file start-v4.pdb (PDB, C-alpha atoms)
ATOM      1  CA  MET O 329       0.000   0.000   0.000
ATOM      2  CA  GLN O 330       1.067   3.565  -0.714
ATOM      3  CA  ILE O 331      -0.343   6.707   0.909
ATOM      4  CA  PHE O 332      -0.378  10.162  -0.681
ATOM      5  CA  GLN O 333      -1.834  13.390   0.638
ATOM      6  CA  PHE O 334      -3.093  16.043  -1.772
ATOM      7  CA  SER O 335      -3.683  19.567  -0.586
ATOM      8  CA  ARG O 336      -6.701  21.583  -1.602
ATOM      9  CA  GLN O 337      -4.474  24.229  -3.187
ATOM     10  CA  GLY O 338      -3.185  21.725  -5.747
ATOM     11  CA  GLU O 339       0.347  21.522  -4.410
ATOM     12  CA  ARG O 340       2.629  18.576  -5.078
ATOM     13  CA  PRO O 341       1.320  15.476  -3.244
ATOM     14  CA  VAL O 342       3.225  14.234  -0.225
ATOM     15  CA  ARG O 343       3.914  10.565   0.346
ATOM     16  CA  LEU O 344       3.149   9.391   3.863
ATOM     17  CA  GLU O 345       4.163   6.308   5.791
ATOM     18  CA  SER O 346       0.895   6.295   7.699
ATOM     19  CA  VAL O 347      -2.200   8.411   8.208
ATOM     20  CA  GLU O 348      -4.261   8.846  11.369
ATOM     21  CA  LYS O 349      -7.002  11.160  10.162
ATOM     22  CA  LEU O 350      -8.247  12.819   7.004
ATOM     23  CA  PRO O 351      -7.358  16.450   6.253
ATOM     24  CA  ASP O 352      -9.954  19.221   6.379
ATOM     25  CA  GLU O 353      -8.765  20.400   2.969
ATOM     26  CA  GLY O 354      -7.656  18.182   0.115
ATOM     27  CA  PHE O 355      -7.743  14.417   0.379
ATOM     28  CA  VAL O 356      -5.733  11.265   1.055
ATOM     29  CA  TRP O 357      -5.123   8.567  -1.542
ATOM     30  CA  LEU O 358      -4.711   4.976  -0.372
ATOM     31  CA  ASP O 359      -3.424   2.861  -3.255
ATOM     32  CA  PHE O 360      -3.639  -0.907  -2.665
ATOM     33  CA  THR O 361      -2.555  -3.802  -4.833
ATOM     34  CA  ARG O 362      -4.782  -6.852  -4.527
ATOM     35  CA  GLN O 363      -1.984  -8.985  -3.103
ATOM     36  CA  ASN O 364      -1.711  -6.637  -0.101
ATOM     37  CA  ALA O 365      -5.226  -5.264   0.214
ATOM     38  CA  ARG O 366      -6.989  -7.689   2.544
ATOM     39  CA  ASP O 367      -7.332  -5.113   5.319
ATOM     40  CA  TRP O 368      -8.216  -2.074   3.205
ATOM     41  CA  PRO O 369     -11.830  -1.886   4.545
ATOM     42  CA  SER O 370     -10.437  -1.480   8.083
ATOM     43  CA  TRP O 371      -8.430   1.546   6.921
ATOM     44  CA  VAL O 372     -11.582   3.130   5.563
ATOM     45  CA  GLU O 373     -13.563   2.407   8.712
ATOM     46  CA  ARG O 374     -10.812   3.829  10.906
ATOM     47  CA  LEU O 375     -10.457   7.030   8.878
ATOM     48  CA  THR O 376     -14.093   7.700   8.017
ATOM     49  CA  GLY O 377     -16.143   5.623  10.414
ATOM     50  CA  ILE O 378     -17.924   4.057   7.421
ATOM     51  CA  LYS O 379     -18.283   0.286   7.197
ATOM     52  CA  MET O 380     -17.835  -0.920   3.629
ATOM     53  CA  ALA O 381     -20.553  -3.019   1.992
ATOM     54  CA  GLU O 382     -19.434  -6.625   1.607
ATOM     55  CA  GLU O 383     -20.434  -6.846  -2.057
ATOM     56  CA  PHE O 384     -18.236  -3.858  -2.906
ATOM     57  CA  VAL O 385     -15.309  -5.346  -1.006
ATOM     58  CA  ALA O 386     -15.735  -8.611  -2.924
ATOM     59  CA  ASP O 387     -15.888  -6.723  -6.228
ATOM     60  CA  SER O 388     -12.628  -4.936  -5.437
ATOM     61  CA  PHE O 389     -10.799  -8.272  -5.216
ATOM     62  CA  ASN O 390     -12.210  -9.536  -8.515
ATOM     63  CA  GLY O 391      -9.642  -8.641 -11.155
ATOM     64  CA  ASP O 392     -11.984  -9.731 -13.953
ATOM     65  CA  HIS O 393     -14.942  -7.658 -12.812
ATOM     66  CA  PRO O 394     -16.427  -5.731 -15.769
ATOM     67  CA  SER O 395     -16.466  -1.957 -15.745
ATOM     68  CA  SER O 396     -19.383  -0.629 -13.722
ATOM     69  CA  PHE O 397     -20.545   2.078 -11.343
ATOM     70  CA  ASP O 398     -22.390   1.842  -8.047
ATOM     71  CA  GLY O 399     -22.328   3.540  -4.702
ATOM     72  CA  THR O 400     -24.048   4.642  -1.528
ATOM     73  CA  GLU O 401     -24.873   7.978   0.031
ATOM     74  CA  ASP O 402     -21.384   7.999   1.580
ATOM     75  CA  TYR O 403     -19.170   7.026  -1.335
ATOM     76  CA  ASP O 404     -19.047   6.223  -5.058
ATOM     77  CA  VAL O 405     -17.698   2.947  -6.441
ATOM     78  CA  LEU O 406     -16.224   2.946  -9.932
ATOM     79  CA  ILE O 407     -14.709  -0.206 -11.443
ATOM     80  CA  PHE O 408     -12.722   0.339 -14.626
ATOM     81  CA  GLN O 409     -10.922  -2.243 -16.745
ATOM     82  CA  GLY O 410      -7.416  -1.471 -17.951
ATOM     83  CA  LEU O 411      -4.831  -3.312 -20.017
ATOM     84  CA  THR O 412      -2.041  -5.291 -18.431
ATOM     85  CA  PRO O 413       1.487  -4.598 -19.735
ATOM     86  CA  GLU O 414       1.807  -7.588 -22.067
ATOM     87  CA  ASP O 415       4.790  -7.582 -24.422
ATOM     88  CA  CYS O 416       3.131  -6.529 -27.684
ATOM     89  CA  GLU O 417       6.057  -7.715 -29.755
ATOM     90  CA  SER O 418       5.869 -11.327 -28.591
ATOM     91  CA  SER O 419       2.361 -11.794 -27.209
ATOM     92  CA  GLN O 420      -0.314 -13.266 -29.445
ATOM     93  CA  ASN O 421      -3.113 -12.094 -27.171
ATOM     94  CA  LEU O 422      -3.013  -8.302 -27.044
ATOM     95  CA  ILE O 423      -6.194  -7.762 -25.035
ATOM     96  CA  VAL O 424      -5.448  -8.830 -21.452
ATOM     97  CA  THR O 425      -7.392  -6.783 -18.895
ATOM     98  CA  LYS O 426      -7.520  -6.357 -15.148
ATOM     99  CA  SER O 427      -9.994  -4.128 -13.371
ATOM    100  CA  ALA O 428      -9.212  -1.349 -10.920
ATOM    101  CA  ALA O 429     -11.719  -0.354  -8.228
ATOM    102  CA  PHE O 430     -12.014   3.275  -7.079
ATOM    103  CA  PHE O 431     -13.848   4.248  -3.880
ATOM    104  CA  LEU O 432     -14.466   7.995  -3.727
ATOM    105  CA  PHE O 433     -15.238   9.663  -0.377
ATOM    106  CA  ASP O 434     -15.295  13.370   0.478
ATOM    107  CA  HIS O 435     -11.633  13.521   1.562
ATOM    108  CA  LEU O 436     -10.458  10.026   0.725
ATOM    109  CA  LEU O 437      -9.765   7.997  -2.390
ATOM    110  CA  VAL O 438      -9.108   4.268  -2.150
ATOM    111  CA  SER O 439      -7.900   2.314  -5.176
ATOM    112  CA  VAL O 440      -7.601  -1.463  -5.311
ATOM    113  CA  ARG O 441      -5.933  -2.756  -8.436
ATOM    114  CA  ALA O 442      -3.675  -5.390  -9.945
ATOM    115  CA  SER O 443       0.046  -4.993  -9.468
ATOM    116  CA  GLU O 444       0.410  -5.312 -13.270
ATOM    117  CA  ASN O 445      -1.582  -2.109 -13.810
ATOM    118  CA  VAL O 446       1.214   0.237 -14.820
ATOM    119  CA  SER O 447      -1.057   3.261 -15.320
ATOM    120  CA  PHE O 448      -0.984   3.990 -11.589
ATOM    121  CA  GLU O 449       2.815   4.026 -11.541
ATOM    122  CA  VAL O 450       2.835   6.271 -14.600
ATOM    123  CA  VAL O 451       0.572   8.746 -12.800
ATOM    124  CA  LYS O 452       2.801   8.724  -9.710
ATOM    125  CA  ARG O 453       5.867   9.422 -11.848
ATOM    126  CA  LYS O 454       4.055  12.329 -13.469
ATOM    127  CA  PHE O 455       3.371  13.801 -10.046
ATOM    128  CA  CYS O 456       7.076  13.648  -9.247
ATOM    129  CA  GLU O 457       8.247  15.096 -12.564
ATOM    130  CA  THR O 458       5.660  17.644 -13.649
ATOM    131  CA  ARG O 459       5.008  21.145 -12.423
ATOM    132  CA  LEU O 460       1.419  21.243 -13.593
ATOM    133  CA  ARG O 461      -1.455  21.764 -11.200
ATOM    134  CA  PHE O 462      -2.185  18.660  -9.175
ATOM    135  CA  PRO O 463      -5.690  17.371  -8.471
ATOM    136  CA  SER O 464      -7.278  18.655  -5.289
ATOM    137  CA  THR O 465     -10.258  16.262  -5.201
ATOM    138  CA  PRO O 466     -10.634  12.482  -5.476
ATOM    139  CA  PHE O 467     -12.561  13.008  -8.711
ATOM    140  CA  GLY O 468      -9.638  14.894 -10.245
ATOM    141  CA  LEU O 469      -7.182  12.131  -9.402
ATOM    142  CA  VAL O 470      -9.502   9.413 -10.729
ATOM    143  CA  HIS O 471      -9.800  11.382 -13.961
ATOM    144  CA  VAL O 472      -6.004  11.493 -14.335
ATOM    145  CA  VAL O 473      -5.695   7.740 -13.742
ATOM    146  CA  LEU O 474      -8.554   6.859 -16.106
ATOM    147  CA  ASP O 475      -7.145   9.065 -18.833
ATOM    148  CA  THR O 476      -3.774   7.318 -18.508
ATOM    149  CA  MET O 477      -5.445   3.908 -18.672
ATOM    150  CA  VAL O 478      -7.379   4.849 -21.803
ATOM    151  CA  GLN O 479      -4.253   6.208 -23.494
ATOM    152  CA  ARG O 480      -2.779   2.693 -23.355
ATOM    153  CA  TYR O 481      -5.660   1.468 -25.516
ATOM    154  CA  PHE O 482      -4.212   3.382 -28.463
ATOM    155  CA  THR O 483      -1.019   1.320 -28.187
ATOM    156  CA  ILE O 484      -3.057  -1.824 -28.813
ATOM    157  CA  THR O 485      -4.856  -0.422 -31.843
ATOM    158  CA  ASP O 486      -1.525   0.732 -33.309
ATOM    159  CA  GLU O 487      -0.036  -2.725 -32.757
ATOM    160  CA  LEU O 488      -3.061  -4.375 -34.384
ATOM    161  CA  GLU O 489      -2.655  -2.170 -37.436
ATOM    162  CA  ASP O 490       1.066  -2.925 -37.662
ATOM    163  CA  ARG O 491       0.463  -6.676 -37.530
ATOM    164  CA  LEU O 492      -2.345  -6.396 -40.040
ATOM    165  CA  GLU O 493      -0.053  -4.538 -42.443
ATOM    166  CA  ARG O 494       2.734  -7.129 -42.039
ATOM    167  CA  ILE O 495       0.547 -10.094 -42.951
ATOM    168  CA  GLY O 496      -1.704  -8.323 -45.470
ATOM    169  CA  ASP O 497       0.656  -8.854 -48.396
ATOM    170  CA  ALA O 498       1.255 -12.475 -47.436
ATOM    171  CA  LEU O 499      -2.463 -13.154 -47.705
ATOM    172  CA  MET O 500      -2.253 -12.614 -51.436
ATOM    173  CA  ASP O 501      -0.096 -15.748 -51.619
ATOM    174  CA  PRO O 502      -2.369 -18.826 -51.603
ATOM    175  CA  LYS O 503       0.448 -20.884 -50.068
ATOM    176  CA  ASN O 504      -0.221 -19.084 -46.779
ATOM    177  CA  ALA O 505      -3.896 -20.007 -46.850
ATOM    178  CA  TYR O 506      -3.861 -22.193 -43.742
ATOM    179  CA  GLN O 507      -1.943 -19.900 -41.403
ATOM    180  CA  ASP O 508      -2.361 -16.241 -42.246
ATOM    181  CA  TRP O 509      -6.128 -15.954 -42.539
ATOM    182  CA  ARG O 510      -6.519 -17.753 -39.210
ATOM    183  CA  GLU O 511      -4.122 -15.260 -37.670
ATOM    184  CA  LEU O 512      -6.226 -12.437 -39.045
ATOM    185  CA  MET O 513      -9.347 -13.978 -37.550
ATOM    186  CA  ARG O 514      -7.588 -14.086 -34.167
ATOM    187  CA  TYR O 515      -6.722 -10.403 -34.454
ATOM    188  CA  ARG O 516     -10.287  -9.624 -35.482
ATOM    189  CA  LYS O 517     -11.523 -11.242 -32.273
ATOM    190  CA  GLN O 518      -9.078  -9.129 -30.275
ATOM    191  CA  ALA O 519     -10.218  -5.949 -32.012
ATOM    192  CA  HIS O 520     -13.793  -6.931 -31.208
ATOM    193  CA  ALA O 521     -12.808  -7.558 -27.571
ATOM    194  CA  LEU O 522     -11.286  -4.068 -27.433
ATOM    195  CA  GLU O 523     -14.477  -2.604 -28.865
ATOM    196  CA  ILE O 524     -16.592  -4.363 -26.218
ATOM    197  CA  LEU O 525     -14.178  -3.187 -23.508
ATOM    198  CA  CYS O 526     -14.632   0.403 -24.674
ATOM    199  CA  GLU O 527     -18.418   0.030 -24.668
ATOM    200  CA  LYS O 528     -18.453  -1.214 -21.072
ATOM    201  CA  ASN O 529     -16.076   1.522 -19.913
ATOM    202  CA  HIS O 530     -18.177   4.117 -21.697
ATOM    203  CA  ASP O 531     -21.344   2.841 -19.999
ATOM    204  CA  ALA O 532     -19.625   2.925 -16.591
ATOM    205  CA  LEU O 533     -18.587   6.554 -17.062
ATOM    206  CA  ASN O 534     -22.089   7.500 -18.189
ATOM    207  CA  ALA O 535     -23.552   5.852 -15.096
ATOM    208  CA  TRP O 536     -21.011   7.640 -12.907
ATOM    209  CA  GLN O 537     -21.989  11.003 -14.340
ATOM    210  CA  ARG O 538     -25.720  10.327 -13.942
ATOM    211  CA  GLU O 539     -25.624   8.795 -10.451
ATOM    212  CA  MET O 540     -22.735  10.604  -8.788
ATOM    213  CA  ARG O 541     -23.704  11.260  -5.186
ATOM    214  CA  THR O 542     -22.695  14.922  -5.432
ATOM    215  CA  GLU O 543     -23.744  17.381  -8.092
ATOM    216  CA  ILE O 544     -21.296  17.284 -10.972
ATOM    217  CA  THR O 545     -19.590  20.575 -11.773
ATOM    218  CA  GLU O 546     -19.027  21.965 -15.237
ATOM    219  CA  SER O 547     -15.279  21.284 -14.932
ATOM    220  CA  GLN O 548     -15.928  17.668 -13.953
ATOM    221  CA  ARG O 549     -18.378  17.239 -16.807
ATOM    222  CA  ILE O 550     -15.766  18.495 -19.287
ATOM    223  CA  ARG O 551     -13.168  16.093 -17.894
ATOM    224  CA  LEU O 552     -15.530  13.133 -18.124
ATOM    225  CA  ASN O 553     -16.428  14.088 -21.674
ATOM    226  CA  ASP O 554     -12.734  14.216 -22.514
ATOM    227  CA  VAL O 555     -12.193  10.642 -21.265
ATOM    228  CA  ARG O 556     -15.342   9.457 -23.034
ATOM    229  CA  GLU O 557     -14.165  11.012 -26.293
ATOM    230  CA  HIS O 558     -10.868   9.138 -25.997
ATOM    231  CA  ILE O 559     -12.755   5.895 -25.415
ATOM    232  CA  GLU O 560     -14.991   6.593 -28.415
ATOM    233  CA  ARG O 561     -11.914   7.199 -30.576
ATOM    234  CA  VAL O 562     -10.470   3.841 -29.551
ATOM    235  CA  GLU O 563     -13.851   2.195 -30.174
ATOM    236  CA  ARG O 564     -14.055   3.671 -33.685
ATOM    237  CA  HIS O 565     -10.450   2.658 -34.292
ATOM    238  CA  ALA O 566     -11.155  -0.925 -33.210
ATOM    239  CA  ASP O 567     -14.222  -1.026 -35.458
ATOM    240  CA  ALA O 568     -12.146   0.231 -38.412
ATOM    241  CA  VAL O 569      -9.521  -2.451 -37.746
ATOM    242  CA  GLN O 570     -12.243  -5.116 -37.821
ATOM    243  CA  ARG O 571     -13.497  -3.842 -41.175
ATOM    244  CA  ASP O 572      -9.957  -3.789 -42.588
ATOM    245  CA  ILE O 573      -9.404  -7.364 -41.424
ATOM    246  CA  GLU O 574     -12.669  -8.502 -42.997
ATOM    247  CA  ILE O 575     -11.671  -6.867 -46.295
ATOM    248  CA  ALA O 576      -8.227  -8.509 -46.135
ATOM    249  CA  ILE O 577      -9.804 -11.918 -45.552
ATOM    250  CA  GLN O 578     -12.178 -11.410 -48.473
ATOM    251  CA  LEU O 579      -9.269 -10.396 -50.706
ATOM    252  CA  HIS O 580      -7.360 -13.455 -49.585
ATOM    253  CA  PHE O 581     -10.137 -15.864 -50.497
ATOM    254  CA  ALA O 582     -10.686 -14.004 -53.772
ATOM    255  CA  SER O 583      -6.980 -14.487 -54.538
ATOM    256  CA  VAL O 584      -7.200 -18.187 -53.702
ATOM    257  CA  SER O 585     -10.301 -18.547 -55.868
ATOM    258  CA  HIS O 586      -8.591 -16.746 -58.753
ATOM    259  CA  GLN O 587      -5.545 -19.010 -58.472
ATOM    260  CA  THR O 588      -7.787 -22.075 -58.470
ATOM    261  CA  ASN O 589      -9.595 -20.826 -61.565
ATOM    262  CA  GLU O 590      -6.273 -20.328 -63.325
ATOM    263  CA  VAL O 591      -5.207 -23.900 -62.525
ATOM    264  CA  VAL O 592      -8.564 -25.301 -63.688
ATOM    265  CA  ARG O 593      -8.384 -23.311 -66.906
ATOM    266  CA  SER O 594      -4.864 -24.559 -67.629
ATOM    267  CA  LEU O 595      -5.932 -28.142 -67.026
ATOM    268  CA  THR O 596      -8.961 -27.648 -69.270
ATOM    269  CA  VAL O 597      -6.805 -26.310 -72.104
ATOM    270  CA  LEU O 598      -4.359 -29.198 -71.768
ATOM    271  CA  SER O 599      -7.253 -31.654 -71.827
ATOM    272  CA  ALA O 600      -8.615 -29.986 -74.978
ATOM    273  CA  ILE O 601      -5.198 -30.343 -76.645
ATOM    274  CA  PHE O 602      -4.604 -33.962 -75.696
ATOM    275  CA  PHE O 603      -8.128 -35.199 -76.343
ATOM    276  CA  PRO O 604      -7.809 -35.301 -80.173
ATOM    277  CA  LEU O 605      -4.308 -36.744 -79.825
ATOM    278  CA  THR O 606      -5.666 -39.469 -77.593
ATOM    279  CA  LEU O 607      -8.422 -40.107 -80.140
ATOM    280  CA  ILE O 608      -5.873 -40.549 -82.956
ATOM    281  CA  THR O 609      -3.688 -42.917 -80.952
ATOM    282  CA  GLY O 610      -6.792 -44.777 -79.827
ATOM    283  CA  ILE O 611      -7.946 -45.377 -83.389
ATOM    284  CA  TRP O 612      -4.554 -46.659 -84.571
ATOM    285  CA  GLY O 613      -4.143 -48.612 -81.387
ATOM    286  CA  MET O 614      -7.113 -50.899 -82.122
ATOM    287  CA  ASN O 615      -6.157 -54.558 -82.595
ATOM    288  CA  PHE O 616      -8.162 -55.404 -85.701
ATOM    289  CA  GLU O 617      -6.584 -57.929 -88.074
ATOM    290  CA  HIS O 618      -7.175 -55.962 -91.277
ATOM    291  CA  MET O 619      -5.876 -52.403 -90.792
ATOM    292  CA  PRO O 620      -4.042 -51.236 -93.960
ATOM    293  CA  GLU O 621      -2.030 -48.562 -92.058
ATOM    294  CA  LEU O 622      -0.301 -51.216 -89.990
ATOM    295  CA  SER O 623       1.579 -52.582 -93.005
ATOM    296  CA  TRP O 624       2.418 -49.145 -94.452
ATOM    297  CA  ARG O 625       6.132 -48.413 -94.301
ATOM    298  CA  TYR O 626       5.628 -44.701 -93.442
ATOM    299  CA  GLY O 627       2.598 -45.184 -91.184
ATOM    300  CA  TYR O 628       4.470 -44.535 -87.944
ATOM    301  CA  ALA O 629       6.018 -41.306 -89.247
ATOM    302  CA  PHE O 630       2.660 -40.218 -90.635
ATOM    303  CA  ALA O 631       0.967 -40.832 -87.278
ATOM    304  CA  LEU O 632       3.591 -38.829 -85.355
ATOM    305  CA  THR O 633       3.364 -36.007 -87.874
ATOM    306  CA  THR O 634      -0.422 -35.924 -87.630
ATOM    307  CA  ILE O 635      -0.307 -35.870 -83.846
ATOM    308  CA  SER O 636       2.286 -33.082 -83.820
ATOM    309  CA  VAL O 637       0.415 -30.940 -86.326
ATOM    310  CA  VAL O 638      -2.872 -31.280 -84.475
ATOM    311  CA  GLY O 639      -1.280 -30.567 -81.092
ATOM    312  CA  ILE O 640       0.709 -27.537 -82.300
ATOM    313  CA  SER O 641      -2.300 -26.138 -84.166
ATOM    314  CA  LEU O 642      -4.451 -26.331 -81.054
ATOM    315  CA  MET O 643      -1.761 -24.656 -78.956
ATOM    316  CA  ILE O 644      -1.463 -21.803 -81.465
ATOM    317  CA  TYR O 645      -5.243 -21.427 -81.530
ATOM    318  CA  PHE O 646      -5.556 -21.221 -77.752
ATOM    319  CA  LYS O 647      -2.702 -18.751 -77.515
ATOM    320  CA  ARG O 648      -4.322 -16.488 -80.106
ATOM    321  CA  GLN O 649      -7.553 -16.682 -78.149
ATOM    322  CA  ARG O 650      -5.577 -15.787 -74.984
ATOM    323  CA  ILE O 651      -6.863 -18.903 -73.277
ATOM    324  CA  LEU O 652      -3.461 -20.505 -72.736
TER     325      LEU O 652
END

call {"tool": "encode", "arguments": {"input": "start-v4.pdb", "output": "structure tokens"}}
result
Amino acid sequence: MQIFQFSRQGERPVRLESVEKLPDEGFVWLDFTRQNARDWPSWVERLTGIKMAEEFVADSFNGDHPSSFDGTEDYDVLIFQGLTPEDCESSQNLIVTKSAAFFLFDHLLVSVRASENVSFEVVKRKFCETRLRFPSTPFGLVHVVLDTMVQRYFTITDELEDRLERIGDALMDPKNAYQDWRELMRYRKQAHALEILCEKNHDALNAWQREMRTEITESQRIRLNDVREHIERVERHADAVQRDIEIAIQLHFASVSHQTNEVVRSLTVLSAIFFPLTLITGIWGMNFEHMPELSWRYGYAFALTTISVVGISLMIYFKRQRIL
């Protein structure tokens, strides 16, 4: 667990080793990872006198909980799914999510999240490095964290596009028919998963704005709209990636079909050439006793010449017709 105190004037937050009471101005942020968060409700009860609802405590420990909003008259509960820091260069599954739970009180913010959620560490580094105005309310800090989490979504869409571009040309080669189109289908599923993730996050933010226990200010409304717009951009991006993948798959199968048609046409032309030759050899290959050509001295040469002339003539004809 890490403890930070934010002043109401927006000064740089101070990291604390412990906290005994909440400040009259500003707020305290208790950041828990799930591995070390078993006693977080006791911290809240000691600082605020509020006993946490058991269902909310259980939700905070569920890393796969979908994005949602709920709350009581004493606090708001926002659960938001973020991306874990998978290695995009080597991982086949780009969409790996873990939820983070935010509990917003008047002068206290409690976050319970996965240790893999790097967005929280990014925000803490920003507080140490930047000179910009720092949040003075729990809402402001949650907005900063959510915006950082959403920004990581763009990394996934960029990686999906890069992989799609790398295998797009290979799809035009029918020899890759078994592997590449299946890989595209896997990426399409991941783009669809990202789209669904954005929809759920968007719904959670809408519910938060509608049901927030305190009246939302104009500044807070603008900040929420900013995060929602980022989510909508990612959602549109994921939808565009899905359409591009579908088009690539259709082009792939069209290429395979065209290649098959070319092979069938070539075989048809060869059959048309060899059919009359087979007919000629079949006639002279009959085993009748009285066939005058069999005793002709130049019969063999005549047969070869006839076969050659017919075959070459048919080849010339098909080439002139642009069939062969």

call {"tool": "closest_residue", "arguments": {"input": "start-v4.pdb", "among": "O:Leu411, O:Ala532, O:Leu437, O:Met477", "to": "Asp398 of chain O", "atoms": "all atoms listed in the file"}}
result
O:Ala532

call {"tool": "resolve_selection", "arguments": {"input": "start-v4.pdb", "expression": "the PyMOL selection byres ((chain O and resi 440) around 9)", "output": "list in words"}}
result
Leu358, Asp359, Phe360, Thr361, Arg362, Ala365, Trp368, Ser388, Phe389, Ser427, Ala428, Ala429, Phe430, Phe431, Val438, Ser439, Arg441 and Ala442 of chain O

call {"tool": "closest_residue", "arguments": {"input": "start-v4.pdb", "among": "O:Ile495, O:Leu436, O:Leu469, O:Val569", "to": "Glu373 of chain O", "atoms": "only C-alpha atoms"}}
result
O:Leu436

call {"tool": "resolve_selection", "arguments": {"input": "start-v4.pdb", "expression": "the PyMOL selection byres ((chain O and resi 630-647) around 8)", "output": "list in words"}}
result
Val597, Ile601, Phe602, Pro604, Leu605, Ile608, Tyr626, Gly627, Tyr628, Ala629, Arg648, Gln649, Arg650, Ile651 and Leu652 of chain O

call {"tool": "residues_around", "arguments": {"input": "start-v4.pdb", "residues": "Glu348 of chain O", "least_positions_apart": "3", "cutoff": "10 Å", "atoms": "all atoms listed in the file", "output": "list in words"}}
result
Pro351, Trp371, Arg374 and Leu375 of chain O

call {"tool": "atom_distance", "arguments": {"input": "start-v4.pdb", "atom1": "atom CA of Gly399 of chain O", "atom2": "atom CA of Val342 of chain O"}}
result
28.1 Å
